[in-house]
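*Asks:* One file is attached below, start-v1.cif, containing mmCIF, C-alpha atoms.
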data_structure
#
loop_
_atom_site.group_PDB
_atom_site.id
_atom_site.type_symbol
_atom_site.label_atom_id
_atom_site.label_comp_id
_atom_site.auth_asym_id
_atom_site.auth_seq_id
_atom_site.Cartn_x
_atom_site.Cartn_y
_atom_site.Cartn_z
ATOM 1 C CA MET A 1 38.233 -17.834 -26.594
ATOM 2 C CA ARG A 2 37.139 -14.390 -27.740
ATOM 3 C CA LEU A 3 37.512 -13.092 -31.295
ATOM 4 C CA GLU A 4 37.554 -9.353 -31.870
ATOM 5 C CA HIS A 5 37.765 -7.309 -35.031
ATOM 6 C CA ASN A 6 37.684 -3.553 -35.417
ATOM 7 C CA LEU A 7 35.176 -2.881 -38.181
ATOM 8 C CA GLN A 8 36.061 -0.097 -40.579
ATOM 9 C CA SER A 9 33.875 2.992 -40.321
ATOM 10 C CA PRO A 10 32.588 4.451 -43.618
ATOM 11 C CA GLY A 11 33.727 7.897 -42.465
ATOM 12 C CA PHE A 12 30.294 9.531 -42.695
ATOM 13 C CA THR A 13 26.747 9.143 -41.431
ATOM 14 C CA VAL A 14 23.514 10.106 -43.170
ATOM 15 C CA GLN A 15 20.197 11.554 -42.055
ATOM 16 C CA LYS A 16 16.865 12.694 -43.482
ATOM 17 C CA ILE A 17 16.630 10.157 -46.312
ATOM 18 C CA ASP A 18 13.608 10.681 -48.534
ATOM 19 C CA VAL A 19 12.464 9.255 -51.852
ATOM 20 C CA LEU A 20 10.229 10.441 -54.666
ATOM 21 C CA GLN A 21 9.084 9.333 -58.087
ATOM 22 C CA VAL A 22 8.375 11.905 -60.806
ATOM 23 C CA SER A 23 6.937 11.645 -64.337
ATOM 24 C CA ARG A 24 6.953 14.602 -66.758
ATOM 25 C CA GLU A 25 6.289 15.354 -70.394
ATOM 26 C CA ALA A 26 8.992 16.246 -72.919
ATOM 27 C CA GLY A 27 10.499 19.677 -72.456
ATOM 28 C CA TYR A 28 9.693 20.118 -68.763
ATOM 29 C CA THR A 29 12.615 21.733 -66.887
ATOM 30 C CA HIS A 30 13.337 22.132 -63.199
ATOM 31 C CA SER A 31 16.119 24.284 -61.834
ATOM 32 C CA TYR A 32 18.399 24.357 -58.794
ATOM 33 C CA ARG A 33 20.009 27.723 -59.507
ATOM 34 C CA ASN A 34 20.861 28.247 -55.851
ATOM 35 C CA GLY A 35 22.233 24.724 -55.471
ATOM 36 C CA ARG A 36 20.662 21.384 -54.720
ATOM 37 C CA THR A 37 19.437 21.265 -51.102
ATOM 38 C CA LYS A 38 20.342 17.580 -50.569
ATOM 39 C CA HIS A 39 22.671 14.989 -52.039
ATOM 40 C CA GLY A 40 20.703 12.959 -54.575
ATOM 41 C CA PHE A 41 20.788 9.660 -56.451
ATOM 42 C CA ILE A 42 18.603 9.941 -59.569
ATOM 43 C CA LEU A 43 17.578 6.841 -61.528
ATOM 44 C CA VAL A 44 15.995 7.242 -64.970
ATOM 45 C CA LEU A 45 13.173 4.701 -65.181
ATOM 46 C CA SER A 46 12.069 5.625 -68.701
ATOM 47 C CA GLY A 47 12.813 8.259 -71.315
ATOM 48 C CA VAL A 48 15.860 10.531 -71.232
ATOM 49 C CA MET A 49 16.997 13.200 -68.772
ATOM 50 C CA GLN A 50 19.504 15.987 -69.378
ATOM 51 C CA PHE A 51 21.410 17.647 -66.546
ATOM 52 C CA THR A 52 23.128 20.977 -67.282
ATOM 53 C CA LEU A 53 25.586 22.256 -64.666
ATOM 54 C CA LEU A 54 25.332 26.029 -64.285
ATOM 55 C CA GLN A 55 28.669 26.747 -62.628
ATOM 56 C CA GLU A 56 30.930 24.723 -64.893
ATOM 57 C CA ASP A 57 31.796 24.936 -68.575
ATOM 58 C CA VAL A 58 31.055 21.282 -69.351
ATOM 59 C CA ALA A 59 28.754 19.540 -71.804
ATOM 60 C CA PRO A 60 25.285 18.615 -70.475
ATOM 61 C CA LEU A 61 24.994 15.098 -69.093
ATOM 62 C CA GLN A 62 22.339 12.903 -70.722
ATOM 63 C CA ALA A 63 20.963 9.884 -68.900
ATOM 64 C CA GLU A 64 18.871 7.181 -70.570
ATOM 65 C CA LYS A 65 16.702 4.451 -69.074
ATOM 66 C CA GLY A 66 18.496 2.497 -66.345
ATOM 67 C CA THR A 67 21.141 5.174 -65.748
ATOM 68 C CA LEU A 68 21.977 6.219 -62.185
ATOM 69 C CA VAL A 69 23.228 9.778 -61.670
ATOM 70 C CA PHE A 70 24.586 11.321 -58.479
ATOM 71 C CA ILE A 71 24.337 15.075 -57.863
ATOM 72 C CA PRO A 72 25.966 16.453 -54.688
ATOM 73 C CA GLN A 73 24.338 18.921 -52.360
ATOM 74 C CA GLY A 74 25.005 22.510 -53.425
ATOM 75 C CA THR A 75 25.295 21.731 -57.148
ATOM 76 C CA SER A 76 23.608 24.364 -59.335
ATOM 77 C CA TYR A 77 21.982 22.796 -62.387
ATOM 78 C CA THR A 78 18.868 22.409 -64.512
ATOM 79 C CA GLY A 79 17.211 19.091 -65.281
ATOM 80 C CA THR A 80 15.279 18.666 -68.515
ATOM 81 C CA TYR A 81 12.927 15.814 -69.430
ATOM 82 C CA LEU A 82 13.792 15.162 -73.088
ATOM 83 C CA GLU A 83 11.163 12.559 -74.032
ATOM 84 C CA ALA A 84 7.450 12.074 -73.387
ATOM 85 C CA ASP A 85 6.641 10.215 -70.151
ATOM 86 C CA THR A 86 10.192 10.444 -68.854
ATOM 87 C CA GLN A 87 10.108 9.020 -65.340
ATOM 88 C CA ILE A 88 12.712 9.227 -62.591
ATOM 89 C CA ARG A 89 13.183 7.985 -59.038
ATOM 90 C CA VAL A 90 15.147 10.065 -56.559
ATOM 91 C CA VAL A 91 16.780 9.035 -53.281
ATOM 92 C CA GLN A 92 18.129 12.090 -51.461
ATOM 93 C CA PHE A 93 19.798 12.645 -48.111
ATOM 94 C CA ASP A 94 21.816 14.916 -45.831
ATOM 95 C CA LEU A 95 25.066 14.150 -44.027
ATOM 96 C CA SER A 96 25.076 14.405 -40.256
ATOM 97 C CA SER A 97 28.855 13.943 -40.037
ATOM 98 C CA GLY A 98 31.941 13.129 -42.099
ATOM 99 C CA THR A 99 32.516 13.464 -45.844
ATOM 100 C CA LEU A 100 31.444 11.396 -48.844
ATOM 101 C CA PRO A 101 33.977 9.234 -50.736
ATOM 102 C CA SER A 102 35.794 10.735 -53.720
ATOM 103 C CA TYR A 103 33.501 9.167 -56.325
ATOM 104 C CA LEU A 104 30.545 11.020 -54.760
ATOM 105 C CA GLN A 105 32.228 14.412 -54.677
ATOM 106 C CA GLN A 106 30.944 15.560 -58.067
ATOM 107 C CA CYS A 107 28.055 15.116 -60.482
ATOM 108 C CA ALA A 108 28.556 11.751 -62.188
ATOM 109 C CA VAL A 109 26.978 8.760 -63.902
ATOM 110 C CA LEU A 110 27.547 5.813 -61.580
ATOM 111 C CA PRO A 111 28.568 2.347 -62.851
ATOM 112 C CA LEU A 112 25.959 0.203 -61.105
ATOM 113 C CA PRO A 113 24.383 -2.518 -63.300
ATOM 114 C CA ASN A 114 21.625 -3.356 -60.786
ATOM 115 C CA ALA A 115 20.768 0.270 -59.995
ATOM 116 C CA ALA A 116 17.083 -0.142 -60.899
ATOM 117 C CA GLU A 117 16.712 -3.010 -58.419
ATOM 118 C CA LEU A 118 18.561 -1.201 -55.623
ATOM 119 C CA ILE A 119 16.648 2.066 -56.032
ATOM 120 C CA GLY A 120 13.381 0.178 -56.518
ATOM 121 C CA ALA A 121 13.795 -1.470 -53.110
ATOM 122 C CA PHE A 122 13.134 1.887 -51.442
ATOM 123 C CA PHE A 123 9.633 1.902 -52.925
ATOM 124 C CA LEU A 124 8.596 -1.544 -51.642
ATOM 125 C CA PRO A 125 6.962 -2.556 -48.345
ATOM 126 C CA ALA A 126 9.332 -3.966 -45.730
ATOM 127 C CA GLY A 127 7.981 -7.459 -45.062
ATOM 128 C CA ASN A 128 5.022 -7.048 -42.702
ATOM 129 C CA HIS A 129 5.687 -3.339 -42.320
ATOM 130 C CA PRO A 130 4.220 -0.584 -44.521
ATOM 131 C CA PHE A 131 6.246 1.364 -47.054
ATOM 132 C CA GLY A 132 8.693 3.770 -45.424
ATOM 133 C CA ASN A 133 9.814 1.713 -42.405
ATOM 134 C CA SER A 134 12.886 3.574 -41.103
ATOM 135 C CA PHE A 135 15.119 0.542 -40.501
ATOM 136 C CA TYR A 136 14.277 -0.908 -43.893
ATOM 137 C CA SER A 137 15.005 2.432 -45.565
ATOM 138 C CA LEU A 138 18.412 2.562 -43.888
ATOM 139 C CA PHE A 139 19.100 -1.011 -44.978
ATOM 140 C CA CYS A 140 18.251 -0.083 -48.576
ATOM 141 C CA PHE A 141 20.414 3.015 -48.424
ATOM 142 C CA TYR A 142 23.519 1.367 -47.024
ATOM 143 C CA ASN A 143 23.067 -1.616 -49.344
ATOM 144 C CA LEU A 144 23.095 0.861 -52.240
ATOM 145 C CA LEU A 145 26.258 2.489 -50.902
ATOM 146 C CA TRP A 146 27.952 -0.856 -50.269
ATOM 147 C CA GLN A 147 27.331 -2.154 -53.790
ATOM 148 C CA LEU A 148 28.310 1.183 -55.285
ATOM 149 C CA ASP A 149 31.530 1.156 -53.291
ATOM 150 C CA GLU A 150 32.259 -2.365 -54.557
ATOM 151 C CA GLN A 151 32.006 -1.080 -58.132
ATOM 152 C CA CYS A 152 33.884 2.198 -57.683
ATOM 153 C CA THR A 153 36.769 1.037 -55.493
ATOM 154 C CA ARG A 154 37.514 -2.323 -57.098
ATOM 155 C CA ILE A 155 41.295 -2.668 -57.329
ATOM 156 C CA PRO A 156 42.753 -3.018 -60.866
ATOM 157 C CA SER A 157 44.576 -6.306 -61.449
ATOM 158 C CA LYS A 158 47.952 -4.551 -61.488
ATOM 159 C CA TYR A 159 47.511 -3.532 -57.856
ATOM 160 C CA LYS A 160 45.749 -6.561 -56.400
ATOM 161 C CA LYS A 161 48.977 -7.602 -54.687
ATOM 162 C CA LEU A 162 48.508 -4.577 -52.424
ATOM 163 C CA LEU A 163 45.189 -5.849 -51.084
ATOM 164 C CA PRO A 164 46.573 -7.542 -47.916
ATOM 165 C CA ALA A 165 48.297 -4.313 -46.878
ATOM 166 C CA LEU A 166 45.323 -2.111 -47.743
ATOM 167 C CA SER A 167 43.030 -4.400 -45.766
ATOM 168 C CA ALA A 168 45.384 -4.463 -42.771
ATOM 169 C CA LEU A 169 45.704 -0.678 -42.776
ATOM 170 C CA SER A 170 41.954 -0.163 -43.019
ATOM 171 C CA ALA A 171 41.121 -2.730 -40.329
ATOM 172 C CA ALA A 172 43.750 -1.525 -37.841
ATOM 173 C CA SER A 173 44.969 1.952 -38.745
ATOM 174 C CA THR A 174 45.879 2.609 -35.089
ATOM 175 C CA GLU A 175 48.665 0.033 -35.214
ATOM 176 C CA SER A 176 52.104 1.464 -36.046
ATOM 177 C CA HIS A 177 53.759 -1.415 -37.866
ATOM 178 C CA PRO A 178 56.896 -0.657 -39.894
ATOM 179 C CA ILE A 179 56.536 -0.550 -43.665
ATOM 180 C CA THR A 180 58.444 -3.827 -43.923
ATOM 181 C CA TYR A 181 55.497 -5.505 -42.139
ATOM 182 C CA TYR A 182 53.033 -4.414 -44.838
ATOM 183 C CA ALA A 183 55.485 -5.246 -47.626
ATOM 184 C CA ALA A 184 55.855 -8.771 -46.202
ATOM 185 C CA LEU A 185 52.064 -9.190 -46.184
ATOM 186 C CA CYS A 186 52.165 -8.572 -49.931
ATOM 187 C CA ASN A 187 55.264 -10.734 -50.532
ATOM 188 C CA MET A 188 57.200 -7.749 -51.868
ATOM 189 C CA SER A 189 60.447 -6.011 -51.138
ATOM 190 C CA GLU A 190 60.018 -2.736 -49.275
ATOM 191 C CA SER A 191 61.140 -0.649 -52.263
ATOM 192 C CA THR A 192 58.736 -2.374 -54.666
ATOM 193 C CA PHE A 193 55.904 -2.106 -52.160
ATOM 194 C CA ARG A 194 56.506 1.611 -51.595
ATOM 195 C CA ARG A 195 56.633 2.318 -55.332
ATOM 196 C CA LEU A 196 53.481 0.354 -56.180
ATOM 197 C CA PHE A 197 51.611 1.709 -53.151
ATOM 198 C CA ARG A 198 52.283 5.335 -54.102
ATOM 199 C CA GLU A 199 51.453 4.608 -57.726
ATOM 200 C CA TYR A 200 48.045 3.227 -56.717
ATOM 201 C CA THR A 201 47.045 5.537 -53.861
ATOM 202 C CA GLY A 202 49.015 8.686 -54.658
ATOM 203 C CA GLN A 203 50.395 8.554 -51.100
ATOM 204 C CA SER A 204 53.153 6.846 -49.180
ATOM 205 C CA PRO A 205 52.005 4.071 -46.806
ATOM 206 C CA VAL A 206 52.527 6.379 -43.812
ATOM 207 C CA GLU A 207 50.571 9.222 -45.446
ATOM 208 C CA TYR A 208 47.779 6.778 -46.249
ATOM 209 C CA ARG A 209 47.685 5.513 -42.659
ATOM 210 C CA ASN A 210 47.650 9.063 -41.319
ATOM 211 C CA ALA A 211 44.744 9.924 -43.623
ATOM 212 C CA LEU A 212 42.772 6.980 -42.210
ATOM 213 C CA ARG A 213 43.578 8.117 -38.687
ATOM 214 C CA LEU A 214 42.578 11.713 -39.416
ATOM 215 C CA ASN A 215 39.242 10.575 -40.791
ATOM 216 C CA ALA A 216 38.634 8.382 -37.735
ATOM 217 C CA ALA A 217 39.519 11.251 -35.411
ATOM 218 C CA ARG A 218 37.210 13.609 -37.280
ATOM 219 C CA VAL A 219 34.269 11.238 -36.957
ATOM 220 C CA ARG A 220 34.925 10.992 -33.212
ATOM 221 C CA LEU A 221 35.129 14.767 -32.829
ATOM 222 C CA GLN A 222 31.920 15.315 -34.774
ATOM 223 C CA SER A 223 30.125 12.831 -32.536
ATOM 224 C CA GLY A 224 30.605 15.207 -29.602
ATOM 225 C CA GLU A 225 31.766 12.345 -27.384
ATOM 226 C CA TYR A 226 35.525 13.035 -27.634
ATOM 227 C CA ASN A 227 37.726 16.023 -26.933
ATOM 228 C CA VAL A 228 40.723 16.717 -29.196
ATOM 229 C CA SER A 229 43.296 14.739 -27.235
ATOM 230 C CA GLU A 230 40.940 11.758 -26.810
ATOM 231 C CA ALA A 231 40.084 11.707 -30.521
ATOM 232 C CA ALA A 232 43.754 11.907 -31.484
ATOM 233 C CA GLU A 233 44.858 9.139 -29.120
ATOM 234 C CA SER A 234 41.999 6.786 -29.973
ATOM 235 C CA ALA A 235 42.748 7.212 -33.687
ATOM 236 C CA GLY A 236 46.394 6.252 -33.214
ATOM 237 C CA PHE A 237 48.231 9.571 -32.879
ATOM 238 C CA THR A 238 50.728 9.715 -30.005
ATOM 239 C CA ASN A 239 51.881 13.286 -30.659
ATOM 240 C CA LEU A 240 49.078 15.842 -30.183
ATOM 241 C CA SER A 241 50.833 18.778 -31.874
ATOM 242 C CA PHE A 242 51.627 16.600 -34.901
ATOM 243 C CA PHE A 243 47.971 15.558 -35.057
ATOM 244 C CA ILE A 244 46.743 19.168 -34.913
ATOM 245 C CA ARG A 245 49.198 20.198 -37.635
ATOM 246 C CA LEU A 246 48.121 17.363 -39.958
ATOM 247 C CA TYR A 247 44.445 18.021 -39.229
ATOM 248 C CA LYS A 248 44.703 21.693 -40.131
ATOM 249 C CA LYS A 249 46.656 20.879 -43.288
ATOM 250 C CA LYS A 250 44.000 18.410 -44.491
ATOM 251 C CA TYR A 251 40.777 20.138 -43.439
ATOM 252 C CA GLY A 252 41.815 23.801 -43.379
ATOM 253 C CA TYR A 253 41.074 24.374 -39.692
ATOM 254 C CA THR A 254 42.106 23.027 -36.306
ATOM 255 C CA PRO A 255 40.260 20.085 -34.702
ATOM 256 C CA LYS A 256 38.876 22.413 -31.990
ATOM 257 C CA LYS A 257 36.563 23.922 -34.620
ATOM 258 C CA GLU A 258 34.722 20.646 -35.282
#
Could you write out this file's structure as structure tokens?
*Replies:*
Amino acid sequence: MRLEHNLQSPGFTVQKIDVLQVSREAGYTHSYRNGRTKHGFILVLSGVMQFTLLQEDVAPLQAEKGTLVFIPQGTSYTGTYLEADTQIRVVQFDLSSGTLPSYLQQCAVLPLPNAAELIGAFFLPAGNHPFGNSFYSLFCFYNLLWQLDEQCTRIPSKYKKLLPALSALSAASTESHPITYYAALCNMSESTFRRLFREYTGQSPVEYRNALRLNAARVRLQSGEYNVSEAAESAGFTNLSFFIRLYKKKYGYTPKKE
């Protein structure tokens, strides 16, 4: 007997992870007026940091000890150390393909209670290996992302009944089951399922499935291993022109430009 399961791809891959620890006196300011060069997680170890976005009319963000902040690549801002001996740890990275999830699309304080432990792991030796082992660093990074995703995508109790359908769609987005199939998984009528699904996701079940397929196709195209028709078919699209039309609508350009 053979068991198979299609594991869900995160939709992006990372490269060039690096870490640093910085301590400054009160009043010290650094600036990214031309935009941050990498995506960055910033943990405040002690003191208080203030981040002022330069391109948006919003109040400065203040982060106290234990706070984890995310600042996307390209963000223009200044960072000010507000107290003596303010100390931060930074984990920064580039994307080699795909796009980050919605909760990492803007500057934000992230709800991660064990952030200090997860960021601190980057600064420890990896068993019998010295600090900076590449596989250990990747483990730390994806463990951080996994636990962050658990916090940021946790389904509110009102919508927990949708979980069987959401899981089935994510695990096998290439399968074209009718909506009644997913409604039955959730023990709902089709009309109730459709209403609750759109209320939670902002999309119909078919739109949601197509979005998963588009993301999967994009990852394949960016890998360089698939042409357009192969990426479309492997992601679950049977109509190539329909795929190209949806792709251009979502990403602003045709799949040939990936």
*Asks:* Would you kindly return, as a compact mmCIF listing (two decimals) with C-alpha atoms, in the coordinates of the input, each protein, DNA or RNA residue with an atom no farther than 9 Å from any atom of Tyr103 of chain A, considering all atoms listed in the file and excluding same-chain residues fewer than 4 positions away?
*Replies:*
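Generated output (out-v1.txt):
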# COMPACT_ATOMS: atom_id res chain seq x y z
CA ALA A 108 28.56 11.75 -62.19
CA LEU A 110 27.55 5.81 -61.58
CA ASP A 149 31.53 1.16 -53.29
CA CYS A 152 33.88 2.20 -57.68
CA THR A 153 36.77 1.04 -55.49
*Asks:* Wanna dump the segment 71-155 of chain A-segment 45-64 of chain A contacts at 7 Å for me, each residue with its shortest atom pair and the distance in Å to one decimal, counting only C-alpha atoms, ordered by chain and number, as JSON lines?
*Replies:*
{"residue": "A:Ser76", "atom": "CA", "partner": "A:Leu54", "partner_atom": "CA", "distance": 5.5}
{"residue": "A:Tyr77", "atom": "CA", "partner": "A:Leu53", "partner_atom": "CA", "distance": 4.3}
{"residue": "A:Thr78", "atom": "CA", "partner": "A:Thr52", "partner_atom": "CA", "distance": 5.3}
{"residue": "A:Gly79", "atom": "CA", "partner": "A:Phe51", "partner_atom": "CA", "distance": 4.6}
{"residue": "A:Thr80", "atom": "CA", "partner": "A:Gln50", "partner_atom": "CA", "distance": 5.1}
{"residue": "A:Tyr81", "atom": "CA", "partner": "A:Met49", "partner_atom": "CA", "distance": 4.9}
{"residue": "A:Leu82", "atom": "CA", "partner": "A:Val48", "partner_atom": "CA", "distance": 5.4}
{"residue": "A:Glu83", "atom": "CA", "partner": "A:Gly47", "partner_atom": "CA", "distance": 5.3}
{"residue": "A:Ala84", "atom": "CA", "partner": "A:Gly47", "partner_atom": "CA", "distance": 6.9}
{"residue": "A:Asp85", "atom": "CA", "partner": "A:Gly47", "partner_atom": "CA", "distance": 6.6}
{"residue": "A:Thr86", "atom": "CA", "partner": "A:Gly47", "partner_atom": "CA", "distance": 4.2}
{"residue": "A:Gln87", "atom": "CA", "partner": "A:Ser46", "partner_atom": "CA", "distance": 5.2}
{"residue": "A:Ile88", "atom": "CA", "partner": "A:Leu45", "partner_atom": "CA", "distance": 5.2}
{"residue": "A:Arg89", "atom": "CA", "partner": "A:Leu45", "partner_atom": "CA", "distance": 7.0}
*Asks:* List the residues matched by the PyMOL selection byres ((chain A and resi 243) around 10) in the displayed structure as a VMD selection string, ordered by chain and then by residue number.
*Replies:* chain A and resid 210 213 to 214 217 228 to 229 231 to 233 235 to 242 244 to 249 254 to 255
*Asks:* From the list A:Met188, A:Leu124, A:Leu163, A:Thr99, which residue is nearest Tyr251 of chain A when using all atoms listed in the file?
*Replies:* A:Thr99
*Asks:* Do you know which residues are at most 10 Å from Gly98 of chain A counting all atoms listed in the file, after dropping those on the same chain fewer than 6 positions away, and could you put them as a ChimeraX atom specification?
*Replies:* /A:10-14,215-216,218-223
*Asks:* Given the file shown, enumerate the residues that the PyMOL selection byres ((chain A and resi 209) around 12) captures and present them as a VMD selection string.
*Replies:* chain A and resid 165 to 179 182 197 201 203 to 208 210 to 216 235 to 237
*Asks:* Considering all atoms listed in the file, return as a list in words whatever protein or nucleic-acid residues lie within 8 Å of Val90 of chain A, sequence-local ones (same chain, fewer than 4 positions apart) excluded.
*Replies:*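 My list of contacting residues is Val19, Leu20, Gln21, Gly40, Phe41, Ile42 and Leu43 of chain A.
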*Asks:* With distances taken over all atoms listed in the file, which residue among A:Lys256, A:Arg24, A:Lys160, A:Phe122 lies nearest Ser134 of chain A?
*Replies:*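 So, comparing all the options, the nearest one is A:Phe122.
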*Asks:* Decode the PyMOL selection byres ((chain A and resi 72) around 8) for the given file into explicit residues and return them as number ranges by chain.
*Replies:* A: 36, 38-40, 70-71, 73-75, 104-107
*Asks:* Which value, in Å to one decimal, gives the distance between atom CA of Lys158 of chain A and atom CA of Lys250 of chain A?
*Replies:*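 Computed distance, atom CA of Lys158 of chain A to atom CA of Lys250 of chain A, equals 28.8 Å.
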*Asks:* Between atom CA of Tyr28 of chain A and atom CA of Gly66 of chain A, what is the distance, to one decimal in Å?
*Replies:*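 These atoms are spaced 19.8 Å apart.
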*Asks:* To one decimal place in Å, what is the distance between atom CA of Pro101 of chain A and atom CA of Ala183 of chain A?
*Replies:*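 If I compute the distance from atom CA of Pro101 of chain A to atom CA of Ala183 of chain A, I get 26.1 Å.
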